>>> print(open('structure15.csv').read())   # CSV, C-alpha atoms
chain,number,residue,atom,x,y,z
G,535,MET,CA,15.6,-23.5,-31.4
G,536,SER,CA,17.8,-24.9,-28.6
G,537,SER,CA,16.2,-26.9,-25.9
G,538,PHE,CA,15.3,-25.1,-22.6
G,539,SER,CA,17.4,-25.5,-19.5
G,540,ASP,CA,18.0,-23.3,-16.5
G,541,ASN,CA,21.7,-22.8,-17.3
G,542,ASN,CA,20.9,-22.0,-20.9
G,543,PHE,CA,18.4,-19.4,-19.9
G,544,VAL,CA,20.7,-17.8,-17.4
G,545,LYS,CA,23.4,-17.6,-20.1
G,546,LYS,CA,21.0,-15.9,-22.5
G,547,LEU,CA,20.0,-13.4,-19.9
G,548,SER,CA,23.6,-12.5,-19.2
G,549,GLU,CA,24.0,-11.7,-23.0
G,550,LEU,CA,20.8,-9.6,-23.1
G,551,ASN,CA,21.2,-6.0,-24.2
G,552,ASN,CA,19.0,-3.1,-24.9
G,553,THR,CA,18.6,-3.6,-28.6
G,554,GLN,CA,15.3,-4.6,-30.2
G,555,GLN,CA,16.9,-7.6,-31.9
G,556,SER,CA,18.3,-9.0,-28.6
G,557,ILE,CA,15.1,-8.6,-26.7
G,558,GLN,CA,12.8,-10.0,-29.4
G,559,THR,CA,15.1,-13.0,-30.1
G,560,LEU,CA,15.1,-14.1,-26.5
G,561,SER,CA,11.4,-13.3,-26.2
G,562,LEU,CA,10.6,-15.6,-29.1
G,563,TRP,CA,12.7,-18.4,-27.6
G,564,LEU,CA,10.9,-18.0,-24.2
G,565,ILE,CA,7.5,-18.1,-25.9
G,566,HIS,CA,8.5,-21.2,-27.7
G,567,HIS,CA,9.3,-22.8,-24.4
G,568,ARG,CA,6.2,-21.4,-22.6
G,569,LYS,CA,5.5,-24.8,-20.9
G,570,HIS,CA,8.4,-23.9,-18.6
G,571,SER,CA,6.8,-20.5,-17.8
G,572,LYS,CA,7.0,-20.9,-14.1
G,573,SER,CA,10.7,-21.7,-14.1
G,574,ILE,CA,11.4,-18.9,-16.6
G,575,VAL,CA,9.7,-16.3,-14.4
G,576,GLN,CA,11.5,-17.5,-11.3
G,577,ILE,CA,14.9,-17.4,-13.0
G,578,TRP,CA,14.1,-14.0,-14.5
G,579,HIS,CA,13.2,-12.6,-11.2
G,580,ARG,CA,16.2,-14.1,-9.5
G,581,GLU,CA,18.7,-12.8,-12.1
G,582,LEU,CA,17.0,-9.4,-12.2
G,583,GLN,CA,18.1,-8.8,-8.6
G,584,LYS,CA,21.7,-9.7,-9.4
G,585,VAL,CA,22.4,-7.5,-12.4
G,586,LYS,CA,23.6,-3.9,-12.3
G,587,PRO,CA,20.9,-1.2,-12.1
G,588,SER,CA,21.6,-0.1,-15.7
G,589,LYS,CA,20.6,-3.6,-16.9
G,590,LYS,CA,17.5,-4.1,-14.9
G,591,LEU,CA,15.4,-2.2,-17.4
G,592,HIS,CA,16.5,-4.7,-20.1
G,593,PHE,CA,14.8,-7.4,-18.1
G,594,VAL,CA,11.6,-5.4,-17.8
G,595,TYR,CA,11.6,-4.8,-21.6
G,596,LEU,CA,12.0,-8.6,-22.0
G,597,ALA,CA,9.1,-9.4,-19.7
G,598,ASN,CA,6.9,-6.8,-21.5
G,599,ASP,CA,7.7,-8.3,-24.9
G,600,VAL,CA,7.0,-11.9,-23.7
G,601,ILE,CA,3.8,-11.0,-21.9
G,602,GLN,CA,2.3,-9.0,-24.8
G,603,ASN,CA,3.4,-11.4,-27.6
G,604,SER,CA,2.3,-14.6,-25.8
G,605,LYS,CA,-1.3,-13.6,-25.1
G,606,LYS,CA,-2.6,-15.3,-28.2
G,607,LYS,CA,-0.9,-18.6,-27.4
G,608,GLY,CA,-2.0,-18.7,-23.8
G,609,PRO,CA,-2.1,-16.8,-20.5
G,610,GLU,CA,0.8,-18.6,-18.8
G,611,PHE,CA,3.3,-15.8,-18.9
G,612,SER,CA,0.9,-13.0,-17.9
G,613,LYS,CA,-0.2,-15.0,-14.9
G,614,ASP,CA,3.2,-16.2,-13.8
G,615,PHE,CA,4.9,-12.8,-14.3
G,616,GLY,CA,2.0,-11.3,-12.3
G,617,THR,CA,3.2,-13.1,-9.2
G,618,VAL,CA,6.6,-11.3,-9.2
G,619,LEU,CA,6.1,-8.0,-11.1
G,620,PRO,CA,5.2,-5.8,-8.1
G,621,GLU,CA,8.4,-6.7,-6.3
G,622,ALA,CA,10.5,-6.6,-9.5
G,623,TYR,CA,9.2,-3.1,-10.3
G,624,LYS,CA,10.0,-1.9,-6.8
G,625,HIS,CA,13.5,-3.4,-7.0
G,626,THR,CA,14.1,-1.9,-10.4
G,627,ALA,CA,12.9,1.6,-9.4
G,628,LYS,CA,14.8,1.5,-6.1
G,629,ASP,CA,18.1,3.0,-7.4
G,630,ALA,CA,16.7,4.2,-10.8
G,631,ASP,CA,16.9,7.8,-12.0
G,632,GLU,CA,13.8,9.7,-13.0
G,633,LYS,CA,14.1,8.8,-16.7
G,634,ILE,CA,13.9,5.0,-15.9
G,635,LYS,CA,11.0,5.6,-13.6
G,636,GLN,CA,9.2,7.4,-16.4
G,637,THR,CA,9.8,4.4,-18.7
G,638,LEU,CA,8.4,2.0,-16.1
G,639,GLU,CA,5.4,4.2,-15.7
G,640,ARG,CA,4.9,4.3,-19.5
G,641,ILE,CA,5.0,0.5,-19.6
G,642,LEU,CA,2.2,0.4,-17.0
G,643,ASN,CA,0.1,2.8,-19.1
G,644,ILE,CA,0.5,0.6,-22.1
G,645,TRP,CA,-0.6,-2.5,-20.1
G,646,GLY,CA,-3.6,-0.6,-18.9
G,647,GLU,CA,-4.6,0.7,-22.3
G,648,ARG,CA,-4.2,-2.7,-24.0
G,649,GLY,CA,-5.8,-4.6,-21.2
G,650,VAL,CA,-2.7,-6.7,-20.5
G,651,TYR,CA,-3.5,-6.5,-16.8
G,652,ASP,CA,-6.7,-5.2,-15.0
G,653,LYS,CA,-6.8,-1.8,-13.4
G,654,ASP,CA,-6.5,-3.2,-9.9
G,655,PHE,CA,-3.2,-4.9,-10.7
G,656,ILE,CA,-1.9,-1.7,-12.5
G,657,LYS,CA,-2.8,0.2,-9.4
G,658,ILE,CA,-0.8,-2.1,-7.2
G,659,MET,CA,2.1,-1.9,-9.7
G,660,ARG,CA,2.0,1.9,-9.7
G,661,TYR,CA,1.8,2.0,-6.0
G,662,SER,CA,4.8,-0.3,-5.6
G,663,LEU,CA,6.7,1.9,-8.0
G,664,SER,CA,6.2,5.2,-6.2
G,665,SER,CA,4.9,4.7,-2.7
G,666,PRO,CA,7.2,5.1,0.3
G,667,TRP,CA,5.2,2.4,2.0
G,668,SER,CA,5.9,-0.2,-0.7
G,669,GLU,CA,8.2,-2.2,1.6
G,670,SER,CA,5.3,-3.1,3.8
G,671,ILE,CA,2.8,-3.9,1.0
G,672,ASP,CA,4.9,-5.8,-1.4
G,673,SER,CA,4.1,-9.1,0.2
G,674,THR,CA,0.4,-8.3,0.1
G,675,ALA,CA,0.5,-7.3,-3.5
G,676,THR,CA,2.5,-10.3,-4.6
G,677,THR,CA,0.3,-12.7,-2.7
G,678,ASN,CA,-2.6,-11.1,-4.4
G,679,HIS,CA,-1.4,-12.3,-7.8
G,680,SER,CA,0.4,-15.6,-7.0
G,681,HIS,CA,-2.6,-17.9,-6.6
G,682,ASN,CA,-1.5,-19.9,-9.6
G,683,SER,CA,1.9,-20.8,-8.2
G,684,ASN,CA,2.7,-24.0,-6.4
G,685,ALA,CA,4.2,-22.2,-3.5
G,686,SER,CA,1.0,-20.3,-2.8
G,687,THR,CA,-1.1,-23.4,-3.2
G,688,ASN,CA,0.9,-25.4,-0.6
G,689,LYS,CA,0.8,-22.7,2.1
G,690,SER,CA,-1.1,-23.7,5.2
G,691,PRO,CA,-3.8,-21.4,6.7
G,692,THR,CA,-1.6,-21.0,9.7
G,693,VAL,CA,1.3,-19.7,7.6
G,694,LYS,CA,-1.1,-17.3,5.8
G,695,LYS,CA,-2.6,-16.1,9.0
G,696,LYS,CA,0.8,-15.5,10.5
G,697,LYS,CA,1.9,-13.5,7.4
G,698,HIS,CA,-1.1,-11.2,7.6
G,699,HIS,CA,-0.5,-10.7,11.3
G,700,GLU,CA,3.1,-9.7,10.5
G,701,GLN,CA,1.9,-7.2,7.9
G,702,ASP,CA,-0.5,-5.6,10.4
G,703,LEU,CA,2.3,-5.5,13.0
G,704,THR,CA,4.6,-3.8,10.4
G,705,LEU,CA,2.0,-1.2,9.7
G,706,ARG,CA,1.5,-0.5,13.4
G,707,GLN,CA,5.3,-0.1,13.9
G,708,GLU,CA,5.5,2.4,11.0
G,709,ILE,CA,2.7,4.5,12.6
G,710,GLU,CA,4.3,4.4,16.0
G,711,ALA,CA,7.6,5.4,14.4
G,712,LEU,CA,6.0,8.4,12.8
G,713,GLU,CA,4.3,9.4,16.0
G,714,GLU,CA,7.6,9.2,17.9
G,715,LEU,CA,9.3,11.5,15.4
G,716,GLY,CA,6.5,14.0,15.7
G,717,GLN,CA,5.5,13.6,12.1
G,718,ALA,CA,2.1,12.0,12.7
G,719,PRO,CA,0.0,12.8,15.8
G,720,THR,CA,-2.2,10.3,17.5
G,721,THR,CA,-6.0,10.6,17.2
G,722,GLU,CA,-6.2,11.4,20.9
G,723,ASP,CA,-3.6,14.2,20.6
G,724,LEU,CA,-5.3,15.7,17.6
G,725,VAL,CA,-8.7,15.7,19.3
G,726,LYS,CA,-7.3,17.2,22.4
G,727,SER,CA,-5.6,20.0,20.4
G,728,LEU,CA,-8.8,20.8,18.6
G,729,TYR,CA,-10.8,20.7,21.8
G,730,ASN,CA,-8.5,23.2,23.4
G,731,LEU,CA,-9.4,25.6,20.5
G,732,GLU,CA,-13.1,25.4,21.1
G,733,ASN,CA,-13.0,28.4,23.5
G,734,PRO,CA,-10.0,30.4,22.4
G,735,PRO,CA,-9.0,33.8,23.9
G,736,CYS,CA,-10.1,35.6,20.8
G,737,SER,CA,-13.7,34.7,21.6
G,738,ASP,CA,-13.5,35.6,25.3
G,739,ALA,CA,-16.4,38.0,25.4
G,740,ALA,CA,-15.9,39.0,29.1
G,741,VAL,CA,-12.3,40.2,28.6
G,742,ARG,CA,-13.2,42.0,25.4
G,743,GLU,CA,-16.0,43.8,27.2
G,744,ARG,CA,-13.6,44.8,30.0
G,745,ILE,CA,-11.1,46.2,27.4
G,746,ALA,CA,-13.9,48.0,25.6
G,747,ALA,CA,-15.0,49.6,28.8
G,748,LEU,CA,-11.6,51.0,29.7
G,749,PRO,CA,-11.7,54.8,30.1
G,750,GLN,CA,-10.3,57.0,27.4
G,751,GLU,CA,-7.6,58.3,29.8
G,752,VAL,CA,-5.6,55.0,29.7
G,753,ALA,CA,-4.8,55.5,26.0
G,754,ASP,CA,-4.9,59.2,25.5
G,755,GLN,CA,-1.8,61.2,26.7
G,756,SER,CA,-3.7,64.5,26.3
G,757,CYS,CA,-5.7,63.6,29.4
G,758,LEU,CA,-2.6,64.0,31.5
G,759,GLU,CA,-3.0,67.8,31.1
G,760,LYS,CA,-6.4,67.6,32.8
G,761,LEU,CA,-4.9,66.2,36.1
G,762,LYS,CA,-5.6,68.6,39.0
G,763,ASP,CA,-3.7,67.1,41.9
G,764,LYS,CA,-1.8,64.0,43.1
G,765,ASP,CA,-5.0,62.1,44.0
G,766,ASP,CA,-6.1,62.4,40.4
G,767,ALA,CA,-2.7,61.3,39.2
G,768,LYS,CA,-2.7,58.4,41.6
G,769,ASN,CA,-6.1,57.2,40.5
G,770,LEU,CA,-5.2,57.4,36.9
G,771,SER,CA,-1.9,55.5,37.5
G,772,GLU,CA,-3.9,52.7,39.2
G,773,THR,CA,-6.3,52.6,36.3
G,774,VAL,CA,-3.5,52.5,33.8
G,775,ASP,CA,-1.7,49.7,35.7
G,776,GLU,CA,-4.8,47.7,35.8
G,777,ALA,CA,-5.4,48.2,32.0
G,778,TYR,CA,-1.8,47.4,31.3
G,779,GLY,CA,-2.0,44.1,33.2
G,780,LEU,CA,-5.3,43.2,31.5
G,781,LEU,CA,-4.0,44.0,28.0
G,782,THR,CA,-0.6,42.3,28.6
G,783,ASP,CA,-2.3,39.1,29.9
G,784,TYR,CA,-4.7,39.1,27.0
G,785,ASN,CA,-1.9,39.6,24.4
G,786,GLN,CA,0.0,36.7,25.9
G,787,ARG,CA,-3.1,34.5,25.6
G,788,LEU,CA,-3.6,35.6,22.0
G,789,GLY,CA,0.0,34.9,21.2
G,790,GLN,CA,-0.3,31.4,22.7
G,791,GLU,CA,-3.5,30.9,20.7
G,792,LEU,CA,-1.7,31.7,17.5
G,793,VAL,CA,1.0,29.1,18.4
G,794,ASP,CA,-1.6,26.5,19.2
G,795,ARG,CA,-3.5,27.1,16.0
G,796,LYS,CA,-0.3,26.7,13.9
G,797,GLU,CA,0.5,23.5,15.8
G,798,ALA,CA,-3.1,22.2,15.3
G,799,ALA,CA,-2.9,23.0,11.6
G,800,ARG,CA,0.4,21.1,11.4
G,801,MET,CA,-1.1,18.1,13.2
G,802,VAL,CA,-4.1,18.0,11.0
G,803,ARG,CA,-1.9,18.0,7.9
G,804,ALA,CA,0.3,15.2,9.2
G,805,TYR,CA,-2.7,13.3,10.4
G,806,LEU,CA,-4.5,13.6,7.0
G,807,ASN,CA,-1.3,12.5,5.2
G,808,LEU,CA,-1.0,9.4,7.4
G,809,GLN,CA,-4.7,8.6,6.8
G,810,ARG,CA,-4.2,8.8,3.1
G,811,GLU,CA,-1.4,6.3,3.3
G,812,LEU,CA,-3.4,4.0,5.5
G,813,LEU,CA,-6.4,4.3,3.1
G,814,GLN,CA,-4.2,3.3,0.2
G,815,GLN,CA,-3.0,0.2,2.1
G,816,VAL,CA,-6.6,-0.7,3.0
G,817,GLU,CA,-7.6,-0.3,-0.7
G,818,LEU,CA,-4.8,-2.7,-1.7
G,819,ARG,CA,-6.0,-5.2,0.9
G,820,LEU,CA,-9.5,-4.8,-0.3
G,821,VAL,CA,-8.3,-5.7,-3.8
G,822,ASP,CA,-6.6,-8.7,-2.3
G,823,TYR,CA,-9.7,-9.9,-0.5
G,824,LYS,CA,-11.9,-9.3,-3.6
G,825,ARG,CA,-9.6,-11.5,-5.7
G,826,LYS,CA,-9.7,-14.2,-3.0
G,827,LEU,CA,-13.5,-14.0,-3.0
G,828,THR,CA,-13.5,-14.4,-6.7
G,829,ARG,CA,-11.4,-17.5,-6.4
G,830,VAL,CA,-13.6,-19.0,-3.7
G,831,THR,CA,-16.7,-18.3,-5.8
G,832,MET,CA,-15.1,-20.0,-8.8
G,833,VAL,CA,-14.2,-23.1,-6.7
G,834,ARG,CA,-17.7,-23.1,-5.2
G,835,GLN,CA,-19.3,-23.0,-8.7
G,836,GLU,CA,-17.1,-25.7,-9.9
G,837,LEU,CA,-17.9,-27.9,-6.8
G,838,GLN,CA,-21.6,-27.3,-7.4
G,839,SER,CA,-21.2,-28.3,-11.1
G,840,HIS,CA,-19.4,-31.6,-10.0
G,841,ILE,CA,-22.2,-32.3,-7.5
G,842,GLN,CA,-24.8,-31.9,-10.2
G,843,ASN,CA,-22.9,-34.3,-12.5
G,844,LEU,CA,-22.6,-37.1,-9.9
G,845,PRO,CA,-24.9,-40.0,-10.4
G,846,ASP,CA,-28.0,-40.3,-8.2
G,847,LEU,CA,-27.4,-43.5,-6.1
G,848,SER,CA,-31.1,-43.8,-5.3
G,849,LEU,CA,-31.7,-44.6,-9.0
G,850,LEU,CA,-29.3,-47.6,-9.0
G,851,PRO,CA,-30.8,-51.1,-8.8
G,852,ASP,CA,-30.7,-52.8,-5.4
G,853,VAL,CA,-27.7,-54.9,-4.8
G,854,THR,CA,-26.8,-57.4,-2.1
G,855,PRO,CA,-24.7,-55.7,0.6
G,856,LEU,CA,-21.1,-56.6,0.4
G,857,PRO,CA,-19.7,-58.5,3.4
G,858,SER,CA,-18.1,-56.5,6.1
G,859,ALA,CA,-14.4,-56.9,7.1
G,860,GLY,CA,-15.6,-58.7,10.2
G,861,ASP,CA,-17.6,-61.2,8.1
G,862,LEU,CA,-14.6,-61.9,5.9
G,863,PHE,CA,-12.4,-62.7,8.9
G,864,SER,CA,-15.1,-64.9,10.4
G,865,ILE,CA,-15.2,-66.9,7.1
G,866,ASP,CA,-11.4,-67.2,7.1
G,867,GLN,CA,-11.5,-68.6,10.6
G,868,THR,CA,-14.1,-71.3,9.8
G,869,HIS,CA,-11.8,-72.5,7.1
>>> encode(input="structure15.csv", output="structure tokens")
Amino acid sequence: MSSFSDNNFVKKLSELNNTQQSIQTLSLWLIHHRKHSKSIVQIWHRELQKVKPSKKLHFVYLANDVIQNSKKKGPEFSKDFGTVLPEAYKHTAKDADEKIKQTLERILNIWGERGVYDKDFIKIMRYSLSSPWSESIDSTATTNHSHNSNASTNKSPTVKKKKHHEQDLTLRQEIEALEELGQAPTTEDLVKSLYNLENPPCSDAAVRERIAALPQEVADQSCLEKLKDKDDAKNLSETVDEAYGLLTDYNQRLGQELVDRKEAARMVRAYLNLQRELLQQVELRLVDYKRKLTRVTMVRQELQSHIQNLPDLSLLPDVTPLPSAGDLFSIDQTH
């Protein structure tokens, strides 16, 4: 096989097509040069973003073949591809049709069934493939699986802290944008809306009793025949006017209550949808922190193992203390 070089690999990628022979041939060549896995993955990811949408799926097929067929020889490719796959999947699915998205989903199912990646990583991949919030979580998901790369190793705590702060800021901006568009209510608005419905007009017992106590004459036209004189007609007219005002006001209140209930129902639905989105983001961050805890635990265990293997200086024989730097200079001056 030809020796590996960046230019050589780029040329082979440009010649890649959707045939099984083309994919497997290049896959075998990459596995043969697995010691260059980090460079291979970086070039693969860079070139993926340059090619036409119709060819991006070929790159994914290639990565899938390399990852699965290199497992027996070492974990290099599965780890290194894991650092870029969430973003690569999002980029591939961005302008893809439904058929391509189904293919990408099927690859995820295969990885999950065969244990190529753990369920947490598959969850992140699936979320980056389908979620409208994927733009704001890609950096979190990618950082989650990039702990084996040199770039991640060299990042200072200040840079990481700033990055997480920017992610939180992005999330707050998205929530504020939804609130401004009226798509997601604030918690305060929702509570206020529900509080206003605690004593609705439909449960106003005093008004309902007044309506129930109205005389029959106000709703029965046959009672008009029983009028004897103008005074009776005047009294009935006043009673009817009072009942009309009472019923009109109560109907208006009931109509407004119906509007308020519909608006409250809309706010609850929008609020729940937003909370589901936020919950998914929190779950992804929880996965990220669990992985970081695992890495810290491994380092801690390794450190303890090194400490246990260090020699016990108290068991060494006594030796004459070596001269200090000051003593050496004093000796030099005497000579």
>>> residues_around(input="structure15.csv", residues="G:Thr773", least_positions_apart="4", cutoff="8 Å", atoms="all atoms listed in the file", output="list in words")
Val752, Asn769 and Ala777 of chain G
>>> closest_residue(input="structure15.csv", among="G:Ser573, G:Asn598, G:Ser539, G:Ser839", to="G:Gln558", atoms="only C-alpha atoms")
G:Asn598
>>> atom_distance(input="structure15.csv", atom1="atom CA of G:Lys764", atom2="atom CA of G:Ile745")
25.5 Å
>>> residues_around(input="structure15.csv", residues="stretch 599-602 of chain G", least_positions_apart="2", cutoff="10 Å", atoms="all atoms listed in the file", output="MDAnalysis selection string")
chainID G and resid 554 557:558 560:565 568 593:597 604:606 608:616 645 648:651
>>> closest_residue(input="structure15.csv", among="G:Leu591, G:Val774, G:Asp738, G:Leu619", to="G:Gln755", atoms="all atoms listed in the file")
G:Val774
>>> closest_residue(input="structure15.csv", among="G:Asp629, G:Glu791, G:Glu817, G:Glu751", to="G:Glu772", atoms="all atoms listed in the file")
G:Glu751
>>> atom_distance(input="structure15.csv", atom1="atom CA of G:Ile577", atom2="atom CA of G:Thr828")
29.2 Å
>>> atom_distance(input="structure15.csv", atom1="atom CA of G:Phe543", atom2="atom CA of G:Lys590")
16.1 Å
>>> build_atoms(input="structure15.csv", residues="stretch 567-577 of chain G", atoms="all heavy atoms", output="tab-separated table (two decimals), in the frame of the given file")
chain	number	residue	atom	x	y	z
G	567	HIS	N	9.15	-21.91	-25.49
G	567	HIS	CA	9.30	-22.80	-24.40
G	567	HIS	C	8.30	-22.42	-23.24
G	567	HIS	O	8.64	-22.55	-22.05
G	567	HIS	CB	10.72	-22.81	-23.82
G	567	HIS	CG	11.73	-23.34	-24.78
G	567	HIS	ND1	11.83	-24.68	-25.10
G	567	HIS	CD2	12.69	-22.70	-25.53
G	567	HIS	CE1	12.81	-24.86	-25.97
G	567	HIS	NE2	13.34	-23.68	-26.26
G	568	ARG	N	7.12	-21.97	-23.60
G	568	ARG	CA	6.20	-21.40	-22.60
G	568	ARG	C	5.71	-22.50	-21.60
G	568	ARG	O	5.19	-22.15	-20.54
G	568	ARG	CB	4.96	-20.83	-23.30
G	568	ARG	CG	4.15	-21.77	-24.17
G	568	ARG	CD	3.04	-21.00	-24.88
G	568	ARG	NE	2.27	-21.87	-25.77
G	568	ARG	CZ	2.62	-22.19	-27.01
G	568	ARG	NH1	3.76	-21.71	-27.50
G	568	ARG	NH2	1.87	-22.96	-27.75
G	569	LYS	N	5.87	-23.78	-21.91
G	569	LYS	CA	5.50	-24.80	-20.90
G	569	LYS	C	6.37	-24.76	-19.69
G	569	LYS	O	6.03	-25.33	-18.65
G	569	LYS	CB	5.54	-26.20	-21.56
G	569	LYS	CG	6.93	-26.65	-21.98
G	569	LYS	CD	6.88	-28.05	-22.60
G	569	LYS	CE	8.26	-28.53	-23.03
G	569	LYS	NZ	8.22	-29.88	-23.63
G	570	HIS	N	7.51	-24.07	-19.80
G	570	HIS	CA	8.40	-23.90	-18.60
G	570	HIS	C	8.22	-22.47	-18.04
G	570	HIS	O	9.13	-21.93	-17.41
G	570	HIS	CB	9.87	-24.02	-19.08
G	570	HIS	CG	10.20	-25.34	-19.69
G	570	HIS	ND1	10.31	-26.51	-18.97
G	570	HIS	CD2	10.43	-25.69	-21.00
G	570	HIS	CE1	10.61	-27.51	-19.77
G	570	HIS	NE2	10.68	-27.04	-21.01
G	571	SER	N	7.03	-21.88	-18.21
G	571	SER	CA	6.80	-20.50	-17.80
G	571	SER	C	7.14	-20.21	-16.37
G	571	SER	O	7.74	-19.18	-16.03
G	571	SER	CB	5.40	-20.04	-18.16
G	571	SER	OG	4.47	-20.82	-17.42
G	572	LYS	N	6.74	-21.11	-15.49
G	572	LYS	CA	7.00	-20.90	-14.10
G	572	LYS	C	8.48	-20.82	-13.75
G	572	LYS	O	8.94	-19.94	-13.03
G	572	LYS	CB	6.31	-21.97	-13.22
G	572	LYS	CG	4.79	-21.81	-13.12
G	572	LYS	CD	4.21	-22.86	-12.19
G	572	LYS	CE	2.73	-22.57	-11.91
G	572	LYS	NZ	1.92	-22.51	-13.12
G	573	SER	N	9.25	-21.74	-14.31
G	573	SER	CA	10.70	-21.70	-14.10
G	573	SER	C	11.32	-20.49	-14.73
G	573	SER	O	12.23	-19.88	-14.15
G	573	SER	CB	11.33	-22.99	-14.70
G	573	SER	OG	10.86	-24.14	-14.04
G	574	ILE	N	10.83	-20.12	-15.90
G	574	ILE	CA	11.40	-18.90	-16.60
G	574	ILE	C	11.17	-17.69	-15.76
G	574	ILE	O	12.10	-16.89	-15.59
G	574	ILE	CB	10.68	-18.80	-17.98
G	574	ILE	CG1	11.16	-19.90	-18.93
G	574	ILE	CG2	10.94	-17.42	-18.57
G	574	ILE	CD1	10.39	-19.95	-20.24
G	575	VAL	N	9.97	-17.53	-15.21
G	575	VAL	CA	9.70	-16.30	-14.40
G	575	VAL	C	10.52	-16.32	-13.14
G	575	VAL	O	11.04	-15.27	-12.74
G	575	VAL	CB	8.17	-16.28	-14.08
G	575	VAL	CG1	7.89	-15.20	-13.04
G	575	VAL	CG2	7.37	-16.01	-15.35
G	576	GLN	N	10.67	-17.46	-12.48
G	576	GLN	CA	11.50	-17.50	-11.30
G	576	GLN	C	12.93	-17.16	-11.53
G	576	GLN	O	13.55	-16.41	-10.76
G	576	GLN	CB	11.36	-18.90	-10.64
G	576	GLN	CG	9.98	-19.22	-10.07
G	576	GLN	CD	9.85	-20.65	-9.60
G	576	GLN	OE1	10.78	-21.44	-9.71
G	576	GLN	NE2	8.67	-21.01	-9.11
G	577	ILE	N	13.48	-17.70	-12.62
G	577	ILE	CA	14.90	-17.40	-13.00
G	577	ILE	C	15.01	-15.92	-13.36
G	577	ILE	O	15.97	-15.25	-12.96
G	577	ILE	CB	15.34	-18.30	-14.12
G	577	ILE	CG1	15.36	-19.76	-13.65
G	577	ILE	CG2	16.72	-17.87	-14.62
G	577	ILE	CD1	15.60	-20.74	-14.77
